There are 4 protein chains.
Amino acid sequence: MSDVSDWWRTSIIDMEPGRIDLRGTPVQDLIGNVSFAEMIWLMVRGDRPTPAQAHLFEAALVSAVDHGPQAPSIAAARMAVTCGLPLNNALATAVNMLGDVHGGAGEQAVELYHHVDAHAGDLATALDDWRAEHGKIIPGFGHRFHKPTDPRAPRLMALVAEAAEADAVSGRFQHIGQAIKAQISAEKGIALPMNIDGATAVIYAELGFAPPLARGLFCLSRSVGILSHAWEQQQQGGRNKGPTPPKYRWTYDGS
Amino acid sequence: MSDVSDWWRTSIIDMEPGRIDLRGTPVQDLIGNVSFAEMIWLMVRGDRPTPAQAHLFEAALVSAVDHGPQAPSIAAARMAVTCGLPLNNALATAVNMLGDVHGGAGEQAVELYHHVDAHAGDLATALDDWRAEHGKIIPGFGHRFHKPTDPRAPRLMALVAEAAEADAVSGRFQHIGQAIKAQISAEKGIALPMNIDGATAVIYAELGFAPPLARGLFCLSRSVGILSHAWEQQQQGGRNKGPTPPKYRWTYDGS
Amino acid sequence: MSDVSDWWRTSIIDMEPGRIDLRGTPVQDLIGNVSFAEMIWLMVRGDRPTPAQAHLFEAALVSAVDHGPQAPSIAAARMAVTCGLPLNNALATAVNMLGDVHGGAGEQAVELYHHVDAHAGDLATALDDWRAEHGKIIPGFGHRFHKPTDPRAPRLMALVAEAAEADAVSGRFQHIGQAIKAQISAEKGIALPMNIDGATAVIYAELGFAPPLARGLFCLSRSVGILSHAWEQQQQGGRNKGPTPPKYRWTYDGS
Amino acid sequence: MSDVSDWWRTSIIDMEPGRIDLRGTPVQDLIGNVSFAEMIWLMVRGDRPTPAQAHLFEAALVSAVDHGPQAPSIAAARMAVTCGLPLNNALATAVNMLGDVHGGAGEQAVELYHHVDAHAGDLATALDDWRAEHGKIIPGFGHRFHKPTDPRAPRLMALVAEAAEADAVSGRFQHIGQAIKAQISAEKGIALPMNIDGATAVIYAELGFAPPLARGLFCLSRSVGILSHAWEQQQQGGRNKGPTPPKYRWTYDGS
């Protein structure tokens with residue numbers, strides 16, 4: 001029997017009939033005593049945030065909830081509902097889409113910041129090395145719609161600056177983020193915005209989250225918008241809606 | 001052109017380059033000013049909770065985050081990671097499983113409470129009618145593992161009682177929940193626990209959430225545990241792990 | 001140990017190291033000796049089709065592979081690829097969408113045919129009863145794009161007629177399908193086409209598949225188109241593509 | 001308007017009301033005239049297989065349909081059904097799991113064969129280079145359960161040998177596969193089996209499929225087993241089944 005119960009190991013949860021301990025604390029002592037954001041932190045990391053950390057963490061979670069049906073994830077959720085899917089399946093359909101190019105950009109941005117951090121003092125070389133390995137796209141900067149500024153980034157950066165001022169975080173990754181923005185804007189001769197992935201990655205890096213968690217936390221955050229749109233669509237009705245009205249089809253480029 | 005941009009309609013988000021308004025408020029005015037739980041409420045419903053409502057809402061969200069790999073959703077997330085899936089796909093795989101019998105039980109429990117509420121004064125008839133339409137299972141009560149008590153339910157009920165005492169909620173659905181528990185325990189001659197679906201459904205009903213949102217909010221809550229387990233599994237490694245070690249297969253019952 | 005290996009029971013597969021039996025036949029005796037369509041039939045049902053049954057079965061599987069990005073499933077697959085998802089996750093995202101209103105319509109059509117069959121001789125009453133329980137939509141008939149005829153249906157019906165002529169199937173469900181088409185066309189005063197769900201449902205009913213398998217087999221069939229589109233999109237490239245170009249957003253109808 | 005219909009481009013499907021052409025052929029001319037396997041080939045590649053190619057292709061598709069609930073994908077499908085998911089969502093949940101370590105192994109094996117092919121004559125160096133870039137695991141060889149032989153591989157290899165004898169394929173990738181098997185068996189001093197990923201990858205490489213399609217075609221093939229198990233579970237019933245009976249939990253390794 002032991003090799004069956006050994007098959008999965010966890011330090012997150014322990015339980016027996018009538019008892020559920022999460023990260024070592026009975027669940028009933030957490031309910032009503034920690035905020036949802038603190039609970040996320042505790043579950044994912046195993047420790048508790050300070051109030052200043054929790055404040056920054058909530059700001060990042062709040063900032064990324066939605067970008068409308070322009071985002072493939074949000075559109076997919078609404079399409080899924082019109083195919084008759086209940087909310088759990090609509091959520092899953094949409095969260096599944098938060099892959100390397102969508103929700104994964106935050107993960108790559110945290111990796112980039114760590115990479116630049118390890119090249120302290122030589123940003124140009126750091127970016128060259130990054131591009132040699134990962135291609136020309138610098139994750140976390142530029143936006144095809146929000147030009148010249150993504151309104152979420154300056155606000156998030158102001159909160160990081162406040163936290164750094166109060167010594168709640170180091171501010172190191174914020175400087176890195178802003179240096180990258182300046183560098184690639186200079187290279188292109190155009191003011192490139194820091195986007196939502198780049199800005200939340202600054203916060204997640206400042207708070208010590210590993211890169212994959214930037215993707216994971218983006219998923220939690222965006223799930224809020226996905227749920228809201230799926231629910232709104234469910235109330236609106238509509239059946240089997242593709243991306244556009246039927247008469248707008250696609251371009252056939254076969255021979 | 002208009003029939004393309006009319007294809008999706010929303011009152012959740014409005015934007016143009018450089019501007020994102022969520023439920024009528026510029027995103028930068030929300031970031032740093034509302035908690036993550038308040039943001040969920042705002043996005044899903046369009047209004048803001050009072051502090052007492054937000055407190056109860058957070059309690060419900062905190063309570064359902066995890067039930068270990070005994071829950072199909074959590075097990076699926078860990079299995080998915082060992083198949084090489086990144087966190088977004090592992091989350092989606094698991095949230096997809098929160099169907100009618102898993103995350104959907106909360107939705108059914110809210111429906112049941114509304115159904116009983118509409119039969120004020122005649123619980124036995126209300127339950128008979130419910131069973132005639134939905135079958136013998138009463139959603140929200142009983143647990144195959146936590147006997148005689150699911151530790152989450154009494155704590156959540158205490159918080160509802162406090163809120164009702166302070167007139168933050170009516171307490172009506174709590175009475176209904178407790179009456180159902182008493183009734184079906186009497187019928188079976190055994191103390192049946194209110195489970196996590198039944199307890200959070202009391203809160204969601206008290207707060208005025210429509211039944212499908214009990215499922216949707218459970219998905220947001222459980223996503224926290226799913227993410228935590230997926231991340232822990234990613235750090236542990238392991239490849240292509242099925243439910244049990246390979247030598248424990250299954251029972252073949254073919255001829 | 002026994003209660004672990006008893007947890008899952010199957011008559012589909014039996015194996016031990018070096019041996020895999022599928023539906024009672026060693027896998028190596030199936031490989032190279034049965035067609036893929038015959039293998040699907042064997043796995044799902046446990047028996048083997050006659051050549052005439054296999055021919056009709058393949059026709060149904062071939063007919064439903066694709067309806068272009070107008071179909072939410074196909075569009076979702078292409079969007080998913082531009083989010084960086086590999087083919088398995090793109091497939092899953094799209095197949096997930098084949099819900100009650102999309103792939104589920106075939107399941108409902110088989111149910112409808114069985115329902116009508118049980119009311120032999122009184123189609124009008126059968127349809128009235130159906131609508132009283134399920135709402136006004138008659139699954140399997142009508143198409144918002146293919147008017148007046150969905151080109152797949154007449155071809156499939158010709159094959160069923162041939163098979164009935166040769167006594168390979170009864171033809172009973174084909175008559176039912178055509179009677180429904182005539183009846184609801186007369187009611188509406190317009191020639192309503194039998195659509196792909198209605199036509200494949202005739203075949204699945206003739207071949208004795210249970211209603212949920214009409215949905216399941218549609219998923220296998222449509223997976224072919226989904227894979228083809230996902231792969232084409234992967235070769236085209238493109239990043240983070242929502243349903244329409246960014247400037248075509250949506251209609252904001254908030255206050 | 002044009003930039004909307006240009007947003008998606010395809011050479012797979014063209015249509016207008018009443019007309020659906022797939023790869024340039026009216027759908028009604030394909031239905032009843034091509035096998036399901038030929039249709040898969042046509043849709044994915046745009047051309048038609050010879051009978052010998054189609055025979056080998058079907059063999060590969062038939063071989064990988066199932067490996068029981070030992071495979072995470074199959075277990076996930078059954079768990080999903082007990083959570084109340086209909087067949088499309090159960091299929092999606094399971095196919096989603098066919099990631100880099102599961103269904104993706106076939107893709108990697110085709111890449112490996114191409115890599116070895118490009119180092120003609122120097123297998124040891126080719127394997128060293130592969131390991132330097134990808135790590136120590138050689139995809140397509142070894143099996144934790146089927147020792148010393150996976151029964152599917154010898155049968156598939158016999159069919160490839162026959163086809164090569166008849167000049168239907170070159171046999172080049174079969175030689176590569178067998179050379180790799182011999183080399184790594186010699187290195188480890190133990191007879192390592194070619195597994196299902198390695199064997200189907202030989203066929204897909206011989207037939208000229210790009211590496212990602214080995215993953216994609218594995219998904220189509222395994223979908224058959226997934227559907228069969230999901231349907232069997234749906235008939236069995238069972239509610240909310242995790243990987244093992246509730247009393248078998250997991251090992252808690254927290255402090």
# chains A, B, ... in the order shown; residues from 1 in each chain; ligands from 1
call {"tool": "select_by_dssp", "arguments": {"residues": "range 76-212 of chain C", "states": "alpha helix (DSSP H)", "output": "ChimeraX atom specification"}}
result
/C:76-82,87-96,104-118,123-134,152-165,172-188,196-206,211-212
call {"tool": "write_last_selection", "arguments": {"atoms": "C-alpha atoms", "output": "tab-separated table (two decimals), in the first residue's frame"}}
result
chain	number	residue	atom	x	y	z
C	76	ALA	CA	-10.27	28.52	-31.65
C	77	ALA	CA	-7.62	26.09	-32.88
C	78	ARG	CA	-6.01	28.74	-35.06
C	79	MET	CA	-6.16	31.36	-32.30
C	80	ALA	CA	-4.62	28.87	-29.88
C	81	VAL	CA	-1.68	28.22	-32.18
C	82	THR	CA	-0.96	31.93	-32.43
C	87	LEU	CA	-0.83	20.88	-31.55
C	88	ASN	CA	-2.14	18.75	-28.68
C	89	ASN	CA	-3.21	21.80	-26.69
C	90	ALA	CA	-4.66	23.51	-29.76
C	91	LEU	CA	-6.69	20.38	-30.51
C	92	ALA	CA	-7.93	20.19	-26.94
C	93	THR	CA	-8.92	23.85	-26.88
C	94	ALA	CA	-11.00	23.35	-29.99
C	95	VAL	CA	-12.54	19.97	-29.16
C	96	ASN	CA	-13.57	21.38	-25.80
C	104	GLY	CA	-23.75	18.09	-29.17
C	105	ALA	CA	-26.35	18.78	-31.84
C	106	GLY	CA	-25.68	15.37	-33.39
C	107	GLU	CA	-26.32	13.71	-30.06
C	108	GLN	CA	-29.60	15.55	-29.73
C	109	ALA	CA	-30.58	14.62	-33.29
C	110	VAL	CA	-30.11	10.91	-32.58
C	111	GLU	CA	-32.22	11.35	-29.45
C	112	LEU	CA	-34.85	13.12	-31.51
C	113	TYR	CA	-34.93	10.29	-34.06
C	114	HIS	CA	-35.36	7.71	-31.31
C	115	HIS	CA	-38.09	9.86	-29.80
C	116	VAL	CA	-39.93	10.10	-33.11
C	117	ASP	CA	-39.41	6.40	-33.69
C	118	ALA	CA	-41.17	5.70	-30.39
C	123	LEU	CA	-44.86	12.91	-36.15
C	124	ALA	CA	-46.69	16.12	-35.29
C	125	THR	CA	-47.31	14.96	-31.72
C	126	ALA	CA	-43.75	13.71	-31.43
C	127	LEU	CA	-42.40	17.11	-32.44
C	128	ASP	CA	-44.76	18.93	-30.12
C	129	ASP	CA	-43.64	16.77	-27.22
C	130	TRP	CA	-40.01	17.34	-28.13
C	131	ARG	CA	-40.44	21.11	-28.22
C	132	ALA	CA	-42.34	21.10	-24.95
C	133	GLU	CA	-39.37	19.49	-23.29
C	134	HIS	CA	-36.39	20.88	-25.23
C	152	ARG	CA	-23.13	17.05	-47.27
C	153	ALA	CA	-26.63	15.88	-46.42
C	154	PRO	CA	-27.94	14.69	-49.82
C	155	ARG	CA	-24.75	12.72	-50.45
C	156	LEU	CA	-24.93	11.05	-47.04
C	157	MET	CA	-28.61	10.29	-47.54
C	158	ALA	CA	-27.87	8.69	-50.92
C	159	LEU	CA	-25.37	6.39	-49.25
C	160	VAL	CA	-27.87	5.42	-46.57
C	161	ALA	CA	-30.46	4.70	-49.25
C	162	GLU	CA	-27.98	2.45	-51.06
C	163	ALA	CA	-27.19	0.62	-47.84
C	164	ALA	CA	-30.88	0.20	-47.04
C	165	GLU	CA	-31.48	-1.08	-50.54
C	172	ARG	CA	-35.93	3.56	-40.66
C	173	PHE	CA	-34.06	6.55	-39.33
C	174	GLN	CA	-33.56	7.96	-42.78
C	175	HIS	CA	-37.31	8.02	-43.27
C	176	ILE	CA	-37.69	9.68	-39.91
C	177	GLY	CA	-35.10	12.31	-40.79
C	178	GLN	CA	-36.75	13.07	-44.08
C	179	ALA	CA	-40.19	13.21	-42.53
C	180	ILE	CA	-38.97	15.71	-39.94
C	181	LYS	CA	-37.41	17.83	-42.68
C	182	ALA	CA	-40.65	17.86	-44.65
C	183	GLN	CA	-42.75	18.60	-41.58
C	184	ILE	CA	-40.78	21.55	-40.25
C	185	SER	CA	-40.29	22.94	-43.77
C	186	ALA	CA	-44.04	22.86	-44.20
C	187	GLU	CA	-44.55	24.52	-40.82
C	188	LYS	CA	-42.20	27.35	-41.75
C	196	ILE	CA	-24.48	17.86	-41.05
C	197	ASP	CA	-25.67	16.99	-37.53
C	198	GLY	CA	-28.99	15.73	-38.80
C	199	ALA	CA	-27.44	13.72	-41.62
C	200	THR	CA	-24.68	12.05	-39.62
C	201	ALA	CA	-27.23	11.37	-36.87
C	202	VAL	CA	-29.25	9.36	-39.39
C	203	ILE	CA	-26.19	7.23	-40.07
C	204	TYR	CA	-25.20	6.84	-36.43
C	205	ALA	CA	-28.79	5.88	-35.56
C	206	GLU	CA	-28.97	3.41	-38.47
C	211	PRO	CA	-26.79	9.20	-28.85
C	212	PRO	CA	-23.74	10.40	-26.84
call {"tool": "closest_atom_pairs", "arguments": {"of": "chain D", "to": "chain A", "cutoff": "8 Å", "atoms": "only C-alpha atoms", "output": "Markdown table"}}
result
| residue | atom | partner | partner_atom | distance |
| --- | --- | --- | --- | --- |
| D:Val4 | CA | A:Tyr248 | CA | 7.0 |
| D:Ser5 | CA | A:Trp250 | CA | 4.4 |
| D:Asp6 | CA | A:Thr251 | CA | 5.2 |
| D:Trp7 | CA | A:Trp250 | CA | 6.8 |
| D:Trp8 | CA | A:Trp250 | CA | 5.2 |
| D:Arg9 | CA | A:Thr251 | CA | 4.6 |
| D:Thr10 | CA | A:Tyr252 | CA | 5.2 |
| D:Ser11 | CA | A:Gly254 | CA | 3.9 |
| D:Ile12 | CA | A:Gly254 | CA | 7.0 |
| D:Ile13 | CA | A:Tyr252 | CA | 7.0 |
| D:Asp14 | CA | A:Tyr252 | CA | 5.9 |
| D:Arg23 | CA | A:Gly254 | CA | 7.6 |
| D:Gly24 | CA | A:Gly254 | CA | 7.6 |
| D:Asn89 | CA | A:Asn89 | CA | 7.4 |
| D:Tyr248 | CA | A:Ser5 | CA | 5.5 |
| D:Arg249 | CA | A:Ser5 | CA | 5.5 |
| D:Trp250 | CA | A:Ser5 | CA | 4.4 |
| D:Thr251 | CA | A:Arg9 | CA | 4.6 |
| D:Tyr252 | CA | A:Thr10 | CA | 5.2 |
| D:Asp253 | CA | A:Ser11 | CA | 4.9 |
| D:Gly254 | CA | A:Ser11 | CA | 3.9 |
| D:Ser255 | CA | A:Ser11 | CA | 7.5 |
call {"tool": "closest_residue", "arguments": {"among": "B:Leu192, B:Leu61, B:Ala120, B:Ala166", "to": "Gly142 in chain B", "atoms": "only C-alpha atoms"}}
result
B:Leu192
call {"tool": "residues_around", "arguments": {"residues": "Asn33 in chain A", "least_positions_apart": "5", "cutoff": "10 Å", "atoms": "only C-alpha atoms", "output": "mmCIF file with C-alpha atoms, in the first residue's frame"}}
result
data_model
loop_
_atom_site.group_PDB
_atom_site.id
_atom_site.type_symbol
_atom_site.label_atom_id
_atom_site.label_comp_id
_atom_site.auth_asym_id
_atom_site.auth_seq_id
_atom_site.Cartn_x
_atom_site.Cartn_y
_atom_site.Cartn_z
ATOM 1 C CA GLN A 28 -10.784 27.088 9.538
ATOM 2 C CA GLU A 38 -2.786 36.436 0.865
ATOM 3 C CA MET A 39 -4.198 32.953 0.475
ATOM 4 C CA HIS B 55 -15.220 39.941 3.975
ATOM 5 C CA GLU B 58 -13.167 36.451 0.614
ATOM 6 C CA ALA B 59 -13.983 33.795 3.190
ATOM 7 C CA VAL B 62 -10.363 31.203 0.628
#
call {"tool": "closest_atom_pairs", "arguments": {"of": "range 11-110 of chain B", "to": "range 214-232 of chain A", "cutoff": "6 Å", "atoms": "only C-alpha atoms", "output": "Markdown table"}}
result
| residue | atom | partner | partner_atom | distance |
| --- | --- | --- | --- | --- |
| B:Ile40 | CA | A:Val224 | CA | 6.0 |
| B:Met43 | CA | A:Ser228 | CA | 5.9 |
| B:Val44 | CA | A:Ser228 | CA | 4.6 |
| B:Leu87 | CA | A:Gly216 | CA | 5.7 |
call {"tool": "closest_residue", "arguments": {"among": "A:Ser170, A:Gly189, A:Val27, A:Asn195", "to": "Phe141 in chain A", "atoms": "only C-alpha atoms"}}
result
A:Asn195
call {"tool": "residues_around", "arguments": {"residues": "Gln70 in chain A", "least_positions_apart": "2", "cutoff": "10 Å", "atoms": "only C-alpha atoms", "output": "list in words"}}
result
Asp66, His67, Gly68, Pro72, Ser73, Ile74, Ala75 and Phe145 of chain A; Asn240, Lys241, Gly242, Pro243, Thr244, Pro245, Pro246, Lys247, Tyr248, Arg249 and Trp250 of chain C
call {"tool": "write_last_selection", "arguments": {"atoms": "C-alpha atoms", "output": "PDB file, in the first residue's frame"}}
result
ATOM      1  CA  ASP A  66      -9.100  41.779 -18.824  1.00  0.00           C
ATOM      2  CA  HIS A  67      -8.242  43.072 -22.261  1.00  0.00           C
ATOM      3  CA  GLY A  68     -11.564  42.458 -23.955  1.00  0.00           C
ATOM      4  CA  PRO A  72      -7.749  35.492 -27.854  1.00  0.00           C
ATOM      5  CA  SER A  73      -8.469  34.162 -24.363  1.00  0.00           C
ATOM      6  CA  ILE A  74     -11.459  36.430 -23.765  1.00  0.00           C
ATOM      7  CA  ALA A  75     -12.845  35.840 -27.252  1.00  0.00           C
ATOM      8  CA  PHE A 145      -2.820  48.671 -29.693  1.00  0.00           C
TER       9      PHE A 145
ATOM     10  CA  ASN C 240      -1.630  36.334 -30.364  1.00  0.00           C
ATOM     11  CA  LYS C 241      -4.349  36.672 -32.967  1.00  0.00           C
ATOM     12  CA  GLY C 242      -7.787  37.480 -31.628  1.00  0.00           C
ATOM     13  CA  PRO C 243     -10.903  36.985 -33.715  1.00  0.00           C
ATOM     14  CA  THR C 244     -10.416  40.144 -35.809  1.00  0.00           C
ATOM     15  CA  PRO C 245      -7.706  42.744 -36.436  1.00  0.00           C
ATOM     16  CA  PRO C 246      -7.154  44.916 -33.327  1.00  0.00           C
ATOM     17  CA  LYS C 247      -8.981  47.958 -34.667  1.00  0.00           C
ATOM     18  CA  TYR C 248     -12.219  45.970 -34.885  1.00  0.00           C
ATOM     19  CA  ARG C 249     -13.006  45.751 -31.250  1.00  0.00           C
ATOM     20  CA  TRP C 250     -16.495  45.259 -29.954  1.00  0.00           C
TER      21      TRP C 250
END
call {"tool": "select_by_dssp", "arguments": {"residues": "range 3-72 of chain D", "states": "strand (DSSP E or B)", "output": "list of chain:residue names"}}
result
D:Arg9, D:Thr10, D:Ile13, D:Asp14, D:Met15, D:Glu16, D:Arg19, D:Ile20, D:Asp21, D:Leu22, D:Thr25, D:Pro26
call {"tool": "write_last_selection", "arguments": {"atoms": "C-alpha atoms", "output": "PDB file, in the first residue's frame"}}
result
ATOM      1  CA  ARG D   9      -6.116  32.559 -44.577  1.00  0.00           C
ATOM      2  CA  THR D  10      -6.370  28.914 -45.549  1.00  0.00           C
ATOM      3  CA  ILE D  13     -11.288  24.878 -47.250  1.00  0.00           C
ATOM      4  CA  ASP D  14     -13.253  27.153 -49.515  1.00  0.00           C
ATOM      5  CA  MET D  15     -16.972  27.593 -49.354  1.00  0.00           C
ATOM      6  CA  GLU D  16     -20.019  29.627 -50.173  1.00  0.00           C
ATOM      7  CA  ARG D  19     -20.702  24.609 -51.556  1.00  0.00           C
ATOM      8  CA  ILE D  20     -17.878  23.204 -49.410  1.00  0.00           C
ATOM      9  CA  ASP D  21     -14.592  22.350 -51.112  1.00  0.00           C
ATOM     10  CA  LEU D  22     -11.920  20.586 -49.087  1.00  0.00           C
ATOM     11  CA  THR D  25     -12.551  18.848 -54.022  1.00  0.00           C
ATOM     12  CA  PRO D  26     -16.283  19.226 -53.353  1.00  0.00           C
TER      13      PRO D  26
END
call {"tool": "atom_distance", "arguments": {"atom1": "CA of Pro51 in chain D", "atom2": "CA of Val34 in chain C"}}
result
14.2 Å
call {"tool": "atom_distance", "arguments": {"atom1": "CA of Phe36 in chain D", "atom2": "CA of Lys147 in chain C"}}
result
27.0 Å
call {"tool": "residues_around", "arguments": {"residues": "Gly99 in chain C", "least_positions_apart": "2", "cutoff": "6 Å", "atoms": "only C-alpha atoms", "output": "list in words"}}
result
Cys83, Gly84 and Leu85 of chain A; Met97, Val101, His102, Gly103 and Gly104 of chain C
call {"tool": "write_last_selection", "arguments": {"atoms": "N, CA and C atoms", "output": "PDB file, in the first residue's frame"}}
result
ATOM      1  N   CYS A  83     -21.227  27.961 -27.622  1.00  0.00           N
ATOM      2  CA  CYS A  83     -21.266  26.542 -28.017  1.00  0.00           C
ATOM      3  C   CYS A  83     -21.937  25.689 -26.943  1.00  0.00           C
ATOM      4  N   GLY A  84     -22.443  26.333 -25.898  1.00  0.00           N
ATOM      5  CA  GLY A  84     -23.186  25.612 -24.876  1.00  0.00           C
ATOM      6  C   GLY A  84     -22.364  25.171 -23.684  1.00  0.00           C
ATOM      7  N   LEU A  85     -21.122  25.636 -23.576  1.00  0.00           N
ATOM      8  CA  LEU A  85     -20.283  25.186 -22.468  1.00  0.00           C
ATOM      9  C   LEU A  85     -20.632  25.914 -21.176  1.00  0.00           C
TER      10      LEU A  85
ATOM     11  N   MET C  97     -14.726  22.912 -27.279  1.00  0.00           N
ATOM     12  CA  MET C  97     -15.842  23.775 -27.713  1.00  0.00           C
ATOM     13  C   MET C  97     -16.988  23.020 -28.369  1.00  0.00           C
ATOM     14  N   VAL C 101     -24.256  22.923 -28.055  1.00  0.00           N
ATOM     15  CA  VAL C 101     -24.791  23.675 -29.192  1.00  0.00           C
ATOM     16  C   VAL C 101     -24.006  23.397 -30.480  1.00  0.00           C
ATOM     17  N   HIS C 102     -22.822  22.808 -30.363  1.00  0.00           N
ATOM     18  CA  HIS C 102     -21.950  22.609 -31.531  1.00  0.00           C
ATOM     19  C   HIS C 102     -21.896  21.090 -31.818  1.00  0.00           C
ATOM     20  N   GLY C 103     -20.970  20.368 -31.270  1.00  0.00           N
ATOM     21  CA  GLY C 103     -20.901  18.920 -31.508  1.00  0.00           C
ATOM     22  C   GLY C 103     -22.053  18.152 -30.872  1.00  0.00           C
ATOM     23  N   GLY C 104     -22.667  18.762 -29.874  1.00  0.00           N
ATOM     24  CA  GLY C 104     -23.754  18.086 -29.174  1.00  0.00           C
ATOM     25  C   GLY C 104     -25.043  18.018 -29.974  1.00  0.00           C
TER      26      GLY C 104
END
call {"tool": "atom_distance", "arguments": {"atom1": "CA of Pro86 in chain C", "atom2": "CA of Pro86 in chain B"}}
result
11.1 Å
call {"tool": "decode", "arguments": {"residues": "range 140-170 of chain A", "atoms": "C-alpha atoms", "output": "PDB file, in the first residue's frame"}}
result
ATOM      1  CA  GLY A 140       7.303  42.737 -21.871  1.00  0.00           C
ATOM      2  CA  PHE A 141       7.690  45.732 -24.147  1.00  0.00           C
ATOM      3  CA  GLY A 142       5.728  47.130 -27.061  1.00  0.00           C
ATOM      4  CA  HIS A 143       2.001  46.916 -27.731  1.00  0.00           C
ATOM      5  CA  ARG A 144       0.190  46.798 -31.038  1.00  0.00           C
ATOM      6  CA  PHE A 145      -2.820  48.671 -29.693  1.00  0.00           C
ATOM      7  CA  HIS A 146      -1.770  50.792 -26.718  1.00  0.00           C
ATOM      8  CA  LYS A 147       0.587  53.325 -28.233  1.00  0.00           C
ATOM      9  CA  PRO A 148       2.512  55.144 -26.915  1.00  0.00           C
ATOM     10  CA  THR A 149       1.530  53.999 -23.411  1.00  0.00           C
ATOM     11  CA  ASP A 150      -0.210  51.035 -21.853  1.00  0.00           C
ATOM     12  CA  PRO A 151      -2.079  52.738 -18.994  1.00  0.00           C
ATOM     13  CA  ARG A 152      -1.454  49.872 -16.608  1.00  0.00           C
ATOM     14  CA  ALA A 153       2.316  50.086 -16.617  1.00  0.00           C
ATOM     15  CA  PRO A 154       2.939  53.597 -15.223  1.00  0.00           C
ATOM     16  CA  ARG A 155       0.508  52.977 -12.386  1.00  0.00           C
ATOM     17  CA  LEU A 156       2.146  49.676 -11.466  1.00  0.00           C
ATOM     18  CA  MET A 157       5.595  51.245 -11.670  1.00  0.00           C
ATOM     19  CA  ALA A 158       4.498  54.073  -9.350  1.00  0.00           C
ATOM     20  CA  LEU A 159       3.419  51.486  -6.776  1.00  0.00           C
ATOM     21  CA  VAL A 160       6.742  49.667  -7.050  1.00  0.00           C
ATOM     22  CA  ALA A 161       8.582  52.954  -6.600  1.00  0.00           C
ATOM     23  CA  GLU A 162       6.550  53.682  -3.452  1.00  0.00           C
ATOM     24  CA  ALA A 163       7.299  50.201  -2.118  1.00  0.00           C
ATOM     25  CA  ALA A 164      10.990  50.589  -2.883  1.00  0.00           C
ATOM     26  CA  GLU A 165      10.989  53.977  -1.166  1.00  0.00           C
ATOM     27  CA  ALA A 166       9.554  52.240   1.916  1.00  0.00           C
ATOM     28  CA  ASP A 167      12.168  49.454   1.587  1.00  0.00           C
ATOM     29  CA  ALA A 168       9.451  46.864   1.063  1.00  0.00           C
ATOM     30  CA  VAL A 169      11.153  45.769  -2.160  1.00  0.00           C
ATOM     31  CA  SER A 170      14.581  46.462  -3.594  1.00  0.00           C
TER      32      SER A 170
END
